[in-house]
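S.K.: To be precise about what I am sending: the file is called run.csv and holds CSV, N, CA and C atoms.
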```csv
chain,number,residue,atom,x,y,z
A,206,MET,N,0.3,-26.3,9.6
A,206,MET,CA,-0.1,-25.2,10.4
A,206,MET,C,-1.1,-24.3,9.7
A,207,SER,N,-2.1,-23.9,10.4
A,207,SER,CA,-3.1,-23.0,9.8
A,207,SER,C,-3.3,-21.9,10.8
A,208,ALA,N,-3.8,-20.7,10.3
A,208,ALA,CA,-4.1,-19.6,11.1
A,208,ALA,C,-5.2,-18.8,10.5
A,209,ALA,N,-6.1,-18.3,11.4
A,209,ALA,CA,-7.2,-17.5,10.9
A,209,ALA,C,-7.8,-16.7,12.0
A,210,ALA,N,-8.6,-15.7,11.6
A,210,ALA,CA,-9.4,-15.0,12.6
A,210,ALA,C,-10.6,-15.8,12.9
A,211,VAL,N,-11.0,-15.7,14.2
A,211,VAL,CA,-12.2,-16.5,14.7
A,211,VAL,C,-13.2,-15.6,15.4
A,212,TRP,N,-14.4,-16.0,15.4
A,212,TRP,CA,-15.4,-15.3,16.3
A,212,TRP,C,-16.5,-16.3,16.6
A,213,VAL,N,-16.6,-16.6,17.9
A,213,VAL,CA,-17.6,-17.5,18.4
A,213,VAL,C,-18.9,-16.8,18.7
A,214,SER,N,-19.9,-17.1,18.0
A,214,SER,CA,-21.2,-16.5,18.2
A,214,SER,C,-22.3,-17.3,17.3
A,215,ASP,N,-23.5,-17.4,17.8
A,215,ASP,CA,-24.6,-17.9,17.0
A,215,ASP,C,-25.1,-16.9,16.0
A,216,ASP,N,-24.7,-15.6,16.2
A,216,ASP,CA,-25.1,-14.5,15.3
A,216,ASP,C,-24.1,-14.5,14.2
A,217,LEU,N,-24.3,-15.2,13.1
A,217,LEU,CA,-23.4,-15.2,12.0
A,217,LEU,C,-23.1,-13.8,11.3
A,218,LYS,N,-24.1,-13.0,11.3
A,218,LYS,CA,-23.9,-11.7,10.7
A,218,LYS,C,-22.9,-10.9,11.5
A,219,LEU,N,-23.0,-10.9,12.8
A,219,LEU,CA,-22.0,-10.3,13.7
A,219,LEU,C,-20.7,-11.0,13.6
A,220,ALA,N,-20.6,-12.3,13.6
A,220,ALA,CA,-19.4,-13.0,13.6
A,220,ALA,C,-18.6,-12.7,12.3
A,221,ARG,N,-19.3,-12.7,11.2
A,221,ARG,CA,-18.7,-12.4,9.9
A,221,ARG,C,-18.2,-10.9,9.9
A,222,SER,N,-18.9,-10.0,10.4
A,222,SER,CA,-18.5,-8.6,10.4
A,222,SER,C,-17.2,-8.4,11.3
A,223,ARG,N,-17.0,-9.2,12.3
A,223,ARG,CA,-15.9,-9.1,13.2
A,223,ARG,C,-14.6,-9.6,12.5
A,224,VAL,N,-14.7,-10.6,11.6
A,224,VAL,CA,-13.5,-11.2,11.0
A,224,VAL,C,-13.3,-10.9,9.5
A,225,ARG,N,-14.2,-10.2,8.9
A,225,ARG,CA,-14.1,-9.9,7.4
A,225,ARG,C,-12.8,-9.3,7.0
A,226,TRP,N,-12.1,-8.6,7.9
A,226,TRP,CA,-10.8,-8.0,7.7
A,226,TRP,C,-9.8,-9.0,7.3
A,227,PHE,N,-9.9,-10.3,7.8
A,227,PHE,CA,-8.9,-11.3,7.6
A,227,PHE,C,-8.8,-11.7,6.1
A,228,PRO,N,-9.9,-12.1,5.5
A,228,PRO,CA,-9.7,-12.4,4.0
A,228,PRO,C,-9.2,-11.2,3.2
A,229,ALA,N,-9.6,-10.0,3.7
A,229,ALA,CA,-9.1,-8.8,3.0
A,229,ALA,C,-7.6,-8.7,3.1
A,230,LEU,N,-7.1,-9.0,4.3
A,230,LEU,CA,-5.6,-9.0,4.5
A,230,LEU,C,-5.0,-10.1,3.7
A,231,VAL,N,-5.6,-11.3,3.6
A,231,VAL,CA,-5.0,-12.4,2.8
A,231,VAL,C,-5.0,-12.0,1.3
A,232,SER,N,-5.9,-11.1,0.9
A,232,SER,CA,-6.0,-10.7,-0.5
A,232,SER,C,-4.7,-10.1,-1.0
A,233,ASN,N,-4.0,-9.5,0.0
A,233,ASN,CA,-2.7,-8.9,-0.4
A,233,ASN,C,-1.7,-10.0,-0.9
A,234,HIS,N,-1.7,-11.1,-0.2
A,234,HIS,CA,-0.9,-12.2,-0.6
A,234,HIS,C,-1.3,-12.9,-1.9
A,235,VAL,N,-2.7,-12.9,-2.0
A,235,VAL,CA,-3.2,-13.5,-3.3
A,235,VAL,C,-2.8,-12.6,-4.5
A,236,MET,N,-2.9,-11.3,-4.3
A,236,MET,CA,-2.5,-10.4,-5.3
A,236,MET,C,-1.0,-10.5,-5.7
A,237,ASP,N,-0.2,-10.8,-4.7
A,237,ASP,CA,1.2,-11.1,-5.0
A,237,ASP,C,1.4,-12.3,-5.8
A,238,LEU,N,0.6,-13.4,-5.5
A,238,LEU,CA,0.7,-14.6,-6.2
A,238,LEU,C,0.3,-14.4,-7.7
A,239,ILE,N,-0.8,-13.6,-7.9
A,239,ILE,CA,-1.3,-13.4,-9.2
A,239,ILE,C,-0.3,-12.6,-10.0
A,240,ALA,N,0.5,-11.7,-9.4
A,240,ALA,CA,1.5,-10.9,-10.1
A,240,ALA,C,2.7,-11.7,-10.4
A,241,ARG,N,2.9,-12.8,-9.7
A,241,ARG,CA,4.1,-13.6,-9.9
A,241,ARG,C,3.9,-14.8,-10.8
A,242,TYR,N,2.7,-15.3,-10.8
A,242,TYR,CA,2.3,-16.5,-11.5
A,242,TYR,C,1.2,-16.3,-12.5
A,243,LYS,N,1.0,-17.2,-13.4
A,243,LYS,CA,-0.1,-17.1,-14.3
A,243,LYS,C,-1.4,-17.4,-13.5
A,244,PRO,N,-2.3,-16.5,-13.5
A,244,PRO,CA,-3.5,-16.7,-12.7
A,244,PRO,C,-4.2,-18.0,-13.0
A,245,GLU,N,-4.2,-18.5,-14.3
A,245,GLU,CA,-4.9,-19.7,-14.6
A,245,GLU,C,-4.2,-21.0,-14.0
A,246,GLU,N,-3.0,-20.8,-13.5
A,246,GLU,CA,-2.3,-21.9,-12.9
A,246,GLU,C,-2.5,-21.9,-11.4
A,247,LEU,N,-3.2,-20.9,-10.9
A,247,LEU,CA,-3.5,-20.9,-9.4
A,247,LEU,C,-4.9,-21.3,-9.2
A,248,PRO,N,-5.2,-21.9,-8.0
A,248,PRO,CA,-6.6,-22.4,-7.8
A,248,PRO,C,-7.6,-21.2,-7.8
A,249,ALA,N,-8.6,-21.4,-8.6
A,249,ALA,CA,-9.7,-20.4,-8.7
A,249,ALA,C,-10.3,-20.2,-7.3
A,250,SER,N,-10.4,-21.2,-6.5
A,250,SER,CA,-11.0,-21.1,-5.2
A,250,SER,C,-10.2,-20.1,-4.3
A,251,LEU,N,-9.0,-19.9,-4.7
A,251,LEU,CA,-8.1,-18.9,-3.9
A,251,LEU,C,-8.2,-17.5,-4.6
A,252,THR,N,-8.2,-17.5,-5.9
A,252,THR,CA,-8.0,-16.2,-6.6
A,252,THR,C,-9.3,-15.5,-7.0
A,253,SER,N,-10.4,-16.2,-7.1
A,253,SER,CA,-11.6,-15.6,-7.7
A,253,SER,C,-12.2,-14.5,-6.8
A,254,TYR,N,-12.0,-14.6,-5.5
A,254,TYR,CA,-12.6,-13.6,-4.7
A,254,TYR,C,-11.9,-12.2,-4.7
A,255,VAL,N,-10.7,-12.1,-5.3
A,255,VAL,CA,-10.1,-10.8,-5.4
A,255,VAL,C,-10.4,-10.0,-6.7
A,256,LYS,N,-11.3,-10.6,-7.5
A,256,LYS,CA,-11.6,-9.9,-8.8
A,256,LYS,C,-12.3,-8.6,-8.6
A,257,ASN,N,-13.0,-8.4,-7.5
A,257,ASN,CA,-13.7,-7.2,-7.3
A,257,ASN,C,-13.0,-6.3,-6.3
A,258,ARG,N,-11.8,-6.6,-6.0
A,258,ARG,CA,-11.0,-5.8,-5.0
A,258,ARG,C,-10.5,-4.6,-5.7
A,259,SER,N,-10.8,-3.4,-5.1
A,259,SER,CA,-10.4,-2.2,-5.7
A,259,SER,C,-9.1,-1.6,-5.2
A,260,GLY,N,-8.5,-2.2,-4.2
A,260,GLY,CA,-7.3,-1.7,-3.6
A,260,GLY,C,-7.2,-2.0,-2.2
A,261,TYR,N,-6.2,-1.6,-1.5
A,261,TYR,CA,-6.0,-1.9,-0.1
A,261,TYR,C,-5.4,-0.7,0.6
A,262,ASP,N,-6.0,-0.2,1.6
A,262,ASP,CA,-5.6,1.0,2.3
A,262,ASP,C,-4.9,0.5,3.6
A,263,TYR,N,-3.5,0.6,3.6
A,263,TYR,CA,-2.8,0.1,4.8
A,263,TYR,C,-3.1,0.9,6.1
A,264,GLN,N,-3.7,2.1,5.9
A,264,GLN,CA,-4.1,2.8,7.1
A,264,GLN,C,-5.2,2.1,7.9
A,265,GLN,N,-5.9,1.2,7.2
A,265,GLN,CA,-6.9,0.4,7.9
A,265,GLN,C,-6.6,-1.1,8.0
A,266,HIS,N,-5.3,-1.4,7.9
A,266,HIS,CA,-4.8,-2.8,7.9
A,266,HIS,C,-5.3,-3.5,9.2
A,267,CYS,N,-6.0,-4.6,9.0
A,267,CYS,CA,-6.4,-5.5,10.2
A,267,CYS,C,-7.4,-4.8,11.1
A,268,GLU,N,-8.2,-3.9,10.5
A,268,GLU,CA,-9.2,-3.2,11.4
A,268,GLU,C,-10.6,-3.8,11.1
A,269,VAL,N,-11.3,-4.1,12.1
A,269,VAL,CA,-12.7,-4.6,12.0
A,269,VAL,C,-13.5,-3.5,11.3
A,270,ASP,N,-14.3,-4.0,10.3
A,270,ASP,CA,-15.1,-3.1,9.6
A,270,ASP,C,-14.4,-2.0,8.7
A,271,SER,N,-13.2,-2.3,8.3
A,271,SER,CA,-12.5,-1.4,7.5
A,271,SER,C,-13.0,-1.4,6.1
A,272,SER,N,-12.8,-0.3,5.3
A,272,SER,CA,-13.3,-0.3,3.9
A,272,SER,C,-12.6,-1.3,3.1
A,273,ASN,N,-11.4,-1.8,3.5
A,273,ASN,CA,-10.7,-2.8,2.8
A,273,ASN,C,-11.5,-4.1,2.6
A,274,SER,N,-12.4,-4.4,3.5
A,274,SER,CA,-13.1,-5.7,3.6
A,274,SER,C,-14.4,-5.7,2.9
A,275,LYS,N,-14.8,-4.6,2.3
A,275,LYS,CA,-16.2,-4.5,1.7
A,275,LYS,C,-16.4,-5.5,0.6
A,276,PHE,N,-15.4,-5.9,-0.2
A,276,PHE,CA,-15.5,-6.7,-1.3
A,276,PHE,C,-15.6,-8.2,-0.9
A,277,VAL,N,-15.3,-8.5,0.3
A,277,VAL,CA,-15.2,-9.9,0.8
A,277,VAL,C,-16.7,-10.4,1.1
A,278,SER,N,-17.1,-11.5,0.4
A,278,SER,CA,-18.4,-12.0,0.6
A,278,SER,C,-18.5,-12.9,1.8
A,279,ASP,N,-19.7,-13.1,2.3
A,279,ASP,CA,-19.9,-14.0,3.4
A,279,ASP,C,-19.3,-15.4,3.2
A,280,GLU,N,-19.5,-15.9,1.9
A,280,GLU,CA,-19.0,-17.2,1.6
A,280,GLU,C,-17.4,-17.3,1.8
A,281,VAL,N,-16.8,-16.2,1.4
A,281,VAL,CA,-15.3,-16.2,1.5
A,281,VAL,C,-14.9,-16.1,3.0
A,282,VAL,N,-15.7,-15.3,3.8
A,282,VAL,CA,-15.4,-15.3,5.2
A,282,VAL,C,-15.6,-16.6,5.8
A,283,ASP,N,-16.6,-17.4,5.4
A,283,ASP,CA,-16.8,-18.7,6.0
A,283,ASP,C,-15.7,-19.7,5.6
A,284,ARG,N,-15.1,-19.5,4.4
A,284,ARG,CA,-14.0,-20.4,4.0
A,284,ARG,C,-12.7,-20.0,4.7
A,285,PHE,N,-12.4,-18.7,4.9
A,285,PHE,CA,-11.1,-18.3,5.4
A,285,PHE,C,-11.1,-18.2,6.9
A,286,CYS,N,-12.2,-18.1,7.6
A,286,CYS,CA,-12.2,-17.9,9.0
A,286,CYS,C,-13.0,-18.9,9.7
A,287,LEU,N,-13.0,-18.9,11.0
A,287,LEU,CA,-13.8,-19.8,11.8
A,287,LEU,C,-14.9,-18.9,12.5
A,288,VAL,N,-16.1,-19.1,12.1
A,288,VAL,CA,-17.2,-18.3,12.6
A,288,VAL,C,-18.4,-19.2,13.0
A,289,GLY,N,-19.2,-18.7,13.9
A,289,GLY,CA,-20.4,-19.4,14.3
A,289,GLY,C,-20.3,-20.0,15.7
A,290,SER,N,-21.1,-20.9,16.0
A,290,SER,CA,-21.2,-21.6,17.3
A,290,SER,C,-19.9,-22.3,17.6
A,291,ALA,N,-19.8,-22.6,18.9
A,291,ALA,CA,-18.6,-23.4,19.3
A,291,ALA,C,-18.5,-24.7,18.6
A,292,GLU,N,-19.7,-25.3,18.3
A,292,GLU,CA,-19.8,-26.6,17.6
A,292,GLU,C,-19.2,-26.4,16.2
A,293,ALA,N,-19.6,-25.3,15.5
A,293,ALA,CA,-19.1,-25.0,14.2
A,293,ALA,C,-17.6,-24.9,14.2
A,294,HIS,N,-17.0,-24.3,15.2
A,294,HIS,CA,-15.6,-24.2,15.4
A,294,HIS,C,-14.9,-25.5,15.5
A,295,ARG,N,-15.5,-26.3,16.4
A,295,ARG,CA,-15.0,-27.7,16.6
A,295,ARG,C,-15.0,-28.5,15.3
A,296,LYS,N,-16.1,-28.4,14.5
A,296,LYS,CA,-16.2,-29.1,13.3
A,296,LYS,C,-15.1,-28.7,12.3
A,297,LYS,N,-14.9,-27.4,12.2
A,297,LYS,CA,-14.0,-26.8,11.2
A,297,LYS,C,-12.5,-27.2,11.6
A,298,LEU,N,-12.3,-27.2,12.9
A,298,LEU,CA,-10.9,-27.6,13.4
A,298,LEU,C,-10.7,-29.1,13.2
A,299,GLN,N,-11.8,-29.9,13.3
A,299,GLN,CA,-11.7,-31.3,13.1
A,299,GLN,C,-11.4,-31.6,11.6
A,300,ALA,N,-12.0,-30.8,10.7
A,300,ALA,CA,-11.8,-30.9,9.3
A,300,ALA,C,-10.4,-30.6,8.9
A,301,LEU,N,-9.9,-29.5,9.5
A,301,LEU,CA,-8.5,-29.1,9.3
A,301,LEU,C,-7.5,-30.2,9.8
A,302,ALA,N,-7.8,-30.8,10.9
A,302,ALA,CA,-7.0,-31.9,11.5
A,302,ALA,C,-7.0,-33.0,10.5
A,303,GLN,N,-8.1,-33.4,10.0
A,303,GLN,CA,-8.2,-34.5,9.0
A,303,GLN,C,-7.5,-34.2,7.7
A,304,ALA,N,-7.3,-32.9,7.4
A,304,ALA,CA,-6.5,-32.5,6.2
A,304,ALA,C,-5.0,-32.5,6.5
A,305,GLY,N,-4.7,-32.7,7.8
A,305,GLY,CA,-3.2,-32.7,8.1
A,305,GLY,C,-2.7,-31.6,8.9
A,306,VAL,N,-3.6,-30.7,9.3
A,306,VAL,CA,-3.2,-29.5,10.1
A,306,VAL,C,-3.0,-30.1,11.6
A,307,THR,N,-1.8,-29.8,12.1
A,307,THR,CA,-1.5,-30.2,13.5
A,307,THR,C,-1.4,-29.0,14.4
A,308,GLN,N,-1.4,-27.8,13.9
A,308,GLN,CA,-1.4,-26.6,14.8
A,308,GLN,C,-2.3,-25.6,14.2
A,309,PHE,N,-3.1,-25.0,15.0
A,309,PHE,CA,-4.0,-23.9,14.6
A,309,PHE,C,-3.7,-22.7,15.4
A,310,ASN,N,-3.4,-21.5,14.8
A,310,ASN,CA,-3.2,-20.3,15.5
A,310,ASN,C,-4.3,-19.3,15.3
A,311,VAL,N,-4.8,-18.8,16.4
A,311,VAL,CA,-6.0,-17.9,16.3
A,311,VAL,C,-5.4,-16.4,16.2
A,312,TYR,N,-5.9,-15.7,15.2
A,312,TYR,CA,-5.6,-14.3,15.1
A,312,TYR,C,-6.5,-13.6,16.1
A,313,LEU,N,-6.0,-13.1,17.1
A,313,LEU,CA,-6.8,-12.4,18.2
A,313,LEU,C,-6.7,-10.9,17.9
A,314,MET,N,-7.4,-10.5,16.9
A,314,MET,CA,-7.4,-9.1,16.5
A,314,MET,C,-8.8,-8.6,16.1
A,315,SER,N,-9.8,-9.2,16.6
A,315,SER,CA,-11.2,-8.9,16.2
A,315,SER,C,-12.0,-8.2,17.3
A,316,GLY,N,-11.4,-8.0,18.4
A,316,GLY,CA,-12.1,-7.5,19.6
A,316,GLY,C,-12.4,-8.6,20.5
A,317,GLU,N,-12.7,-8.2,21.8
A,317,GLU,CA,-13.1,-9.1,22.8
A,317,GLU,C,-12.2,-10.3,22.9
A,318,GLU,N,-10.9,-10.1,22.8
A,318,GLU,CA,-9.9,-11.2,22.8
A,318,GLU,C,-10.0,-12.1,24.0
A,319,GLU,N,-10.2,-11.5,25.2
A,319,GLU,CA,-10.2,-12.3,26.4
A,319,GLU,C,-11.4,-13.3,26.4
A,320,ASP,N,-12.6,-12.8,25.9
A,320,ASP,CA,-13.8,-13.6,25.8
A,320,ASP,C,-13.6,-14.7,24.8
A,321,THR,N,-12.9,-14.4,23.7
A,321,THR,CA,-12.7,-15.4,22.7
A,321,THR,C,-11.8,-16.5,23.2
A,322,LEU,N,-10.7,-16.1,24.0
A,322,LEU,CA,-9.9,-17.1,24.6
A,322,LEU,C,-10.6,-18.0,25.6
A,323,ALA,N,-11.5,-17.3,26.4
A,323,ALA,CA,-12.3,-18.1,27.4
A,323,ALA,C,-13.2,-19.1,26.7
A,324,LYS,N,-13.8,-18.7,25.6
A,324,LYS,CA,-14.7,-19.6,24.9
A,324,LYS,C,-13.9,-20.8,24.3
A,325,TYR,N,-12.8,-20.5,23.8
A,325,TYR,CA,-11.9,-21.5,23.2
A,325,TYR,C,-11.5,-22.5,24.3
A,326,LYS,N,-11.1,-22.0,25.5
A,326,LYS,CA,-10.7,-22.8,26.6
A,326,LYS,C,-11.8,-23.7,27.1
A,327,SER,N,-13.0,-23.1,27.2
A,327,SER,CA,-14.1,-23.9,27.9
A,327,SER,C,-15.0,-24.7,26.9
A,328,GLU,N,-15.1,-24.2,25.7
A,328,GLU,CA,-16.1,-24.8,24.8
A,328,GLU,C,-15.5,-25.5,23.6
A,329,ILE,N,-14.3,-25.2,23.2
A,329,ILE,CA,-13.8,-25.7,21.9
A,329,ILE,C,-12.6,-26.7,22.2
A,330,LEU,N,-11.6,-26.2,22.9
A,330,LEU,CA,-10.4,-27.0,23.0
A,330,LEU,C,-10.6,-28.3,23.8
A,331,PRO,N,-11.5,-28.4,24.8
A,331,PRO,CA,-11.6,-29.7,25.4
A,331,PRO,C,-12.0,-30.8,24.5
A,332,ALA,N,-12.6,-30.6,23.4
A,332,ALA,CA,-12.9,-31.6,22.4
A,332,ALA,C,-11.6,-32.2,21.8
A,333,PHE,N,-10.5,-31.5,21.9
A,333,PHE,CA,-9.3,-31.9,21.3
A,333,PHE,C,-8.3,-32.5,22.3
A,334,LYS,N,-8.7,-32.5,23.5
A,334,LYS,CA,-7.7,-32.9,24.6
A,334,LYS,C,-7.1,-34.3,24.3
A,335,GLU,N,-7.9,-35.3,23.9
A,335,GLU,CA,-7.4,-36.6,23.7
A,335,GLU,C,-6.5,-36.7,22.5
A,336,THR,N,-6.6,-35.8,21.5
A,336,THR,CA,-5.8,-35.9,20.3
A,336,THR,C,-4.6,-35.0,20.4
A,337,ALA,N,-4.5,-34.2,21.4
A,337,ALA,CA,-3.3,-33.3,21.5
A,337,ALA,C,-2.1,-34.1,21.8
A,338,ARG,N,-1.0,-33.6,21.2
A,338,ARG,CA,0.3,-34.3,21.4
A,338,ARG,C,1.0,-33.5,22.6
A,339,VAL,N,1.6,-34.3,23.4
A,339,VAL,CA,2.3,-33.7,24.5
A,339,VAL,C,3.8,-33.5,24.2
```
Would you mind giving the structure from this file in structure tokens?
M.R.:
Amino acid sequence: MSAAAVWVSDDLKLARSRVRWFPALVSNHVMDLIARYKPEELPASLTSYVKNRSGYDYQQHCEVDSSNSKFVSDEVVDRFCLVGSAEAHRKKLQALAQAGVTQFNVYLMSGEEEDTLAKYKSEILPAFKETARV
């Protein structure tokens, strides 16, 4: 199972700005892992992005454009979220399926939730109809 924030748009700057809060939220869990385990024993691909994190304000938890997300780079957004065109979403979901993911949950907390669901229904999910388990 995998879950992430998503934004369907050809405007990558906009898409990234709408979901940047998600890797910031995940950074709380990464910080917990670093506190419990030796950082060198954890994957650098997971832990390296929190090095410039200055803290986390729960008053802005899960808010689009919160100050919590300023340390999150575009590259991290692209790794942790699904952004871009419908085709980009289909490709990333296909890659996740090939890695063994059988269920993907969309974090619908970035605004325009009904539009996001409509785009997923019409432009993204039909590509997976034949592979869906009943």
S.K.: Quick one: distance from atom N of Gly260 in chain A to CA of Val231 in chain A in Å, one decimal?
M.R.: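 Atom N of Gly260 in chain A sits 12.9 Å away from CA of Val231 in chain A.
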S.K.: Where does DSSP see alpha helix (DSSP H) in chain A, if you list the residues as a PyMOL selection string?
M.R.: chain A and resi 217-224+226-241+249-252+279-285+291-303+318-324
S.K.: Write out as a list in words which residues come within 8 Å of Val269 in chain A when counting only C-alpha atoms, dropping same-chain ones fewer than 5 positions away.
M.R.: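 In the requested format, the answer is Ser222, Arg223, Val224, Arg225, Trp226 and Ser315 of chain A.
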S.K.: Kindly give the distance, in Å, that separates CA of Ser274 in chain A and CA of Tyr261 in chain A, rounded to a single decimal.
M.R.: 8.9 Å
S.K.: Write out as a PyMOL selection string all residues of chain A that DSSP puts in strand (DSSP E) for this structure's backbone.
M.R.: chain A and resi 207-213+287-289+309-312
S.K.: Using atom C of Lys326 in chain A and CA of Asp270 in chain A as the two end points, give the distance in Å to one decimal.
M.R.: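 One can read the atom C of Lys326 in chain A to CA of Asp270 in chain A distance as 27.2 Å.
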S.K.: Could you add the missing atoms to range 285-293 of chain A, up to all heavy atoms, and return them as a PDB file, in the frame of the given file?
M.R.:
```
ATOM      1  N   PHE A 285     -12.400 -18.700   4.900  1.00  0.00           N
ATOM      2  CA  PHE A 285     -11.100 -18.300   5.400  1.00  0.00           C
ATOM      3  C   PHE A 285     -11.100 -18.200   6.900  1.00  0.00           C
ATOM      4  O   PHE A 285      -9.966 -18.047   7.443  1.00  0.00           O
ATOM      5  CB  PHE A 285     -10.760 -16.947   4.758  1.00  0.00           C
ATOM      6  CG  PHE A 285     -10.241 -17.030   3.356  1.00  0.00           C
ATOM      7  CD1 PHE A 285     -11.043 -17.454   2.317  1.00  0.00           C
ATOM      8  CD2 PHE A 285      -8.946 -16.669   3.076  1.00  0.00           C
ATOM      9  CE1 PHE A 285     -10.560 -17.528   1.024  1.00  0.00           C
ATOM     10  CE2 PHE A 285      -8.451 -16.725   1.785  1.00  0.00           C
ATOM     11  CZ  PHE A 285      -9.255 -17.161   0.752  1.00  0.00           C
ATOM     12  N   CYS A 286     -12.200 -18.100   7.600  1.00  0.00           N
ATOM     13  CA  CYS A 286     -12.200 -17.900   9.000  1.00  0.00           C
ATOM     14  C   CYS A 286     -13.000 -18.900   9.700  1.00  0.00           C
ATOM     15  O   CYS A 286     -13.667 -19.775   9.091  1.00  0.00           O
ATOM     16  CB  CYS A 286     -12.882 -16.502   9.277  1.00  0.00           C
ATOM     17  SG  CYS A 286     -12.078 -15.113   8.447  1.00  0.00           S
ATOM     18  N   LEU A 287     -13.000 -18.900  11.000  1.00  0.00           N
ATOM     19  CA  LEU A 287     -13.800 -19.800  11.800  1.00  0.00           C
ATOM     20  C   LEU A 287     -14.900 -18.900  12.500  1.00  0.00           C
ATOM     21  O   LEU A 287     -14.531 -17.986  13.296  1.00  0.00           O
ATOM     22  CB  LEU A 287     -13.044 -20.499  12.916  1.00  0.00           C
ATOM     23  CG  LEU A 287     -12.335 -21.773  12.438  1.00  0.00           C
ATOM     24  CD1 LEU A 287     -11.158 -21.453  11.561  1.00  0.00           C
ATOM     25  CD2 LEU A 287     -11.919 -22.597  13.611  1.00  0.00           C
ATOM     26  N   VAL A 288     -16.100 -19.100  12.100  1.00  0.00           N
ATOM     27  CA  VAL A 288     -17.200 -18.300  12.600  1.00  0.00           C
ATOM     28  C   VAL A 288     -18.400 -19.200  13.000  1.00  0.00           C
ATOM     29  O   VAL A 288     -18.533 -20.270  12.503  1.00  0.00           O
ATOM     30  CB  VAL A 288     -17.719 -17.197  11.626  1.00  0.00           C
ATOM     31  CG1 VAL A 288     -16.648 -16.146  11.386  1.00  0.00           C
ATOM     32  CG2 VAL A 288     -18.150 -17.821  10.316  1.00  0.00           C
ATOM     33  N   GLY A 289     -19.200 -18.700  13.900  1.00  0.00           N
ATOM     34  CA  GLY A 289     -20.400 -19.400  14.300  1.00  0.00           C
ATOM     35  C   GLY A 289     -20.300 -20.000  15.700  1.00  0.00           C
ATOM     36  O   GLY A 289     -19.500 -19.496  16.534  1.00  0.00           O
ATOM     37  N   SER A 290     -21.100 -20.900  16.000  1.00  0.00           N
ATOM     38  CA  SER A 290     -21.200 -21.600  17.300  1.00  0.00           C
ATOM     39  C   SER A 290     -19.900 -22.300  17.600  1.00  0.00           C
ATOM     40  O   SER A 290     -19.085 -22.578  16.757  1.00  0.00           O
ATOM     41  CB  SER A 290     -22.356 -22.564  17.326  1.00  0.00           C
ATOM     42  OG  SER A 290     -22.055 -23.656  16.451  1.00  0.00           O
ATOM     43  N   ALA A 291     -19.800 -22.600  18.900  1.00  0.00           N
ATOM     44  CA  ALA A 291     -18.600 -23.400  19.300  1.00  0.00           C
ATOM     45  C   ALA A 291     -18.500 -24.700  18.600  1.00  0.00           C
ATOM     46  O   ALA A 291     -17.474 -25.204  18.178  1.00  0.00           O
ATOM     47  CB  ALA A 291     -18.636 -23.658  20.836  1.00  0.00           C
ATOM     48  N   GLU A 292     -19.700 -25.300  18.300  1.00  0.00           N
ATOM     49  CA  GLU A 292     -19.800 -26.600  17.600  1.00  0.00           C
ATOM     50  C   GLU A 292     -19.200 -26.400  16.200  1.00  0.00           C
ATOM     51  O   GLU A 292     -18.521 -27.247  15.632  1.00  0.00           O
ATOM     52  CB  GLU A 292     -21.203 -27.135  17.545  1.00  0.00           C
ATOM     53  CG  GLU A 292     -21.367 -28.402  16.725  1.00  0.00           C
ATOM     54  CD  GLU A 292     -20.560 -29.592  17.230  1.00  0.00           C
ATOM     55  OE1 GLU A 292     -20.178 -29.621  18.420  1.00  0.00           O
ATOM     56  OE2 GLU A 292     -20.304 -30.514  16.429  1.00  0.00           O
ATOM     57  N   ALA A 293     -19.600 -25.300  15.500  1.00  0.00           N
ATOM     58  CA  ALA A 293     -19.100 -25.000  14.200  1.00  0.00           C
ATOM     59  C   ALA A 293     -17.600 -24.900  14.200  1.00  0.00           C
ATOM     60  O   ALA A 293     -16.873 -25.346  13.271  1.00  0.00           O
ATOM     61  CB  ALA A 293     -19.713 -23.718  13.641  1.00  0.00           C
TER      62      ALA A 293
END
```
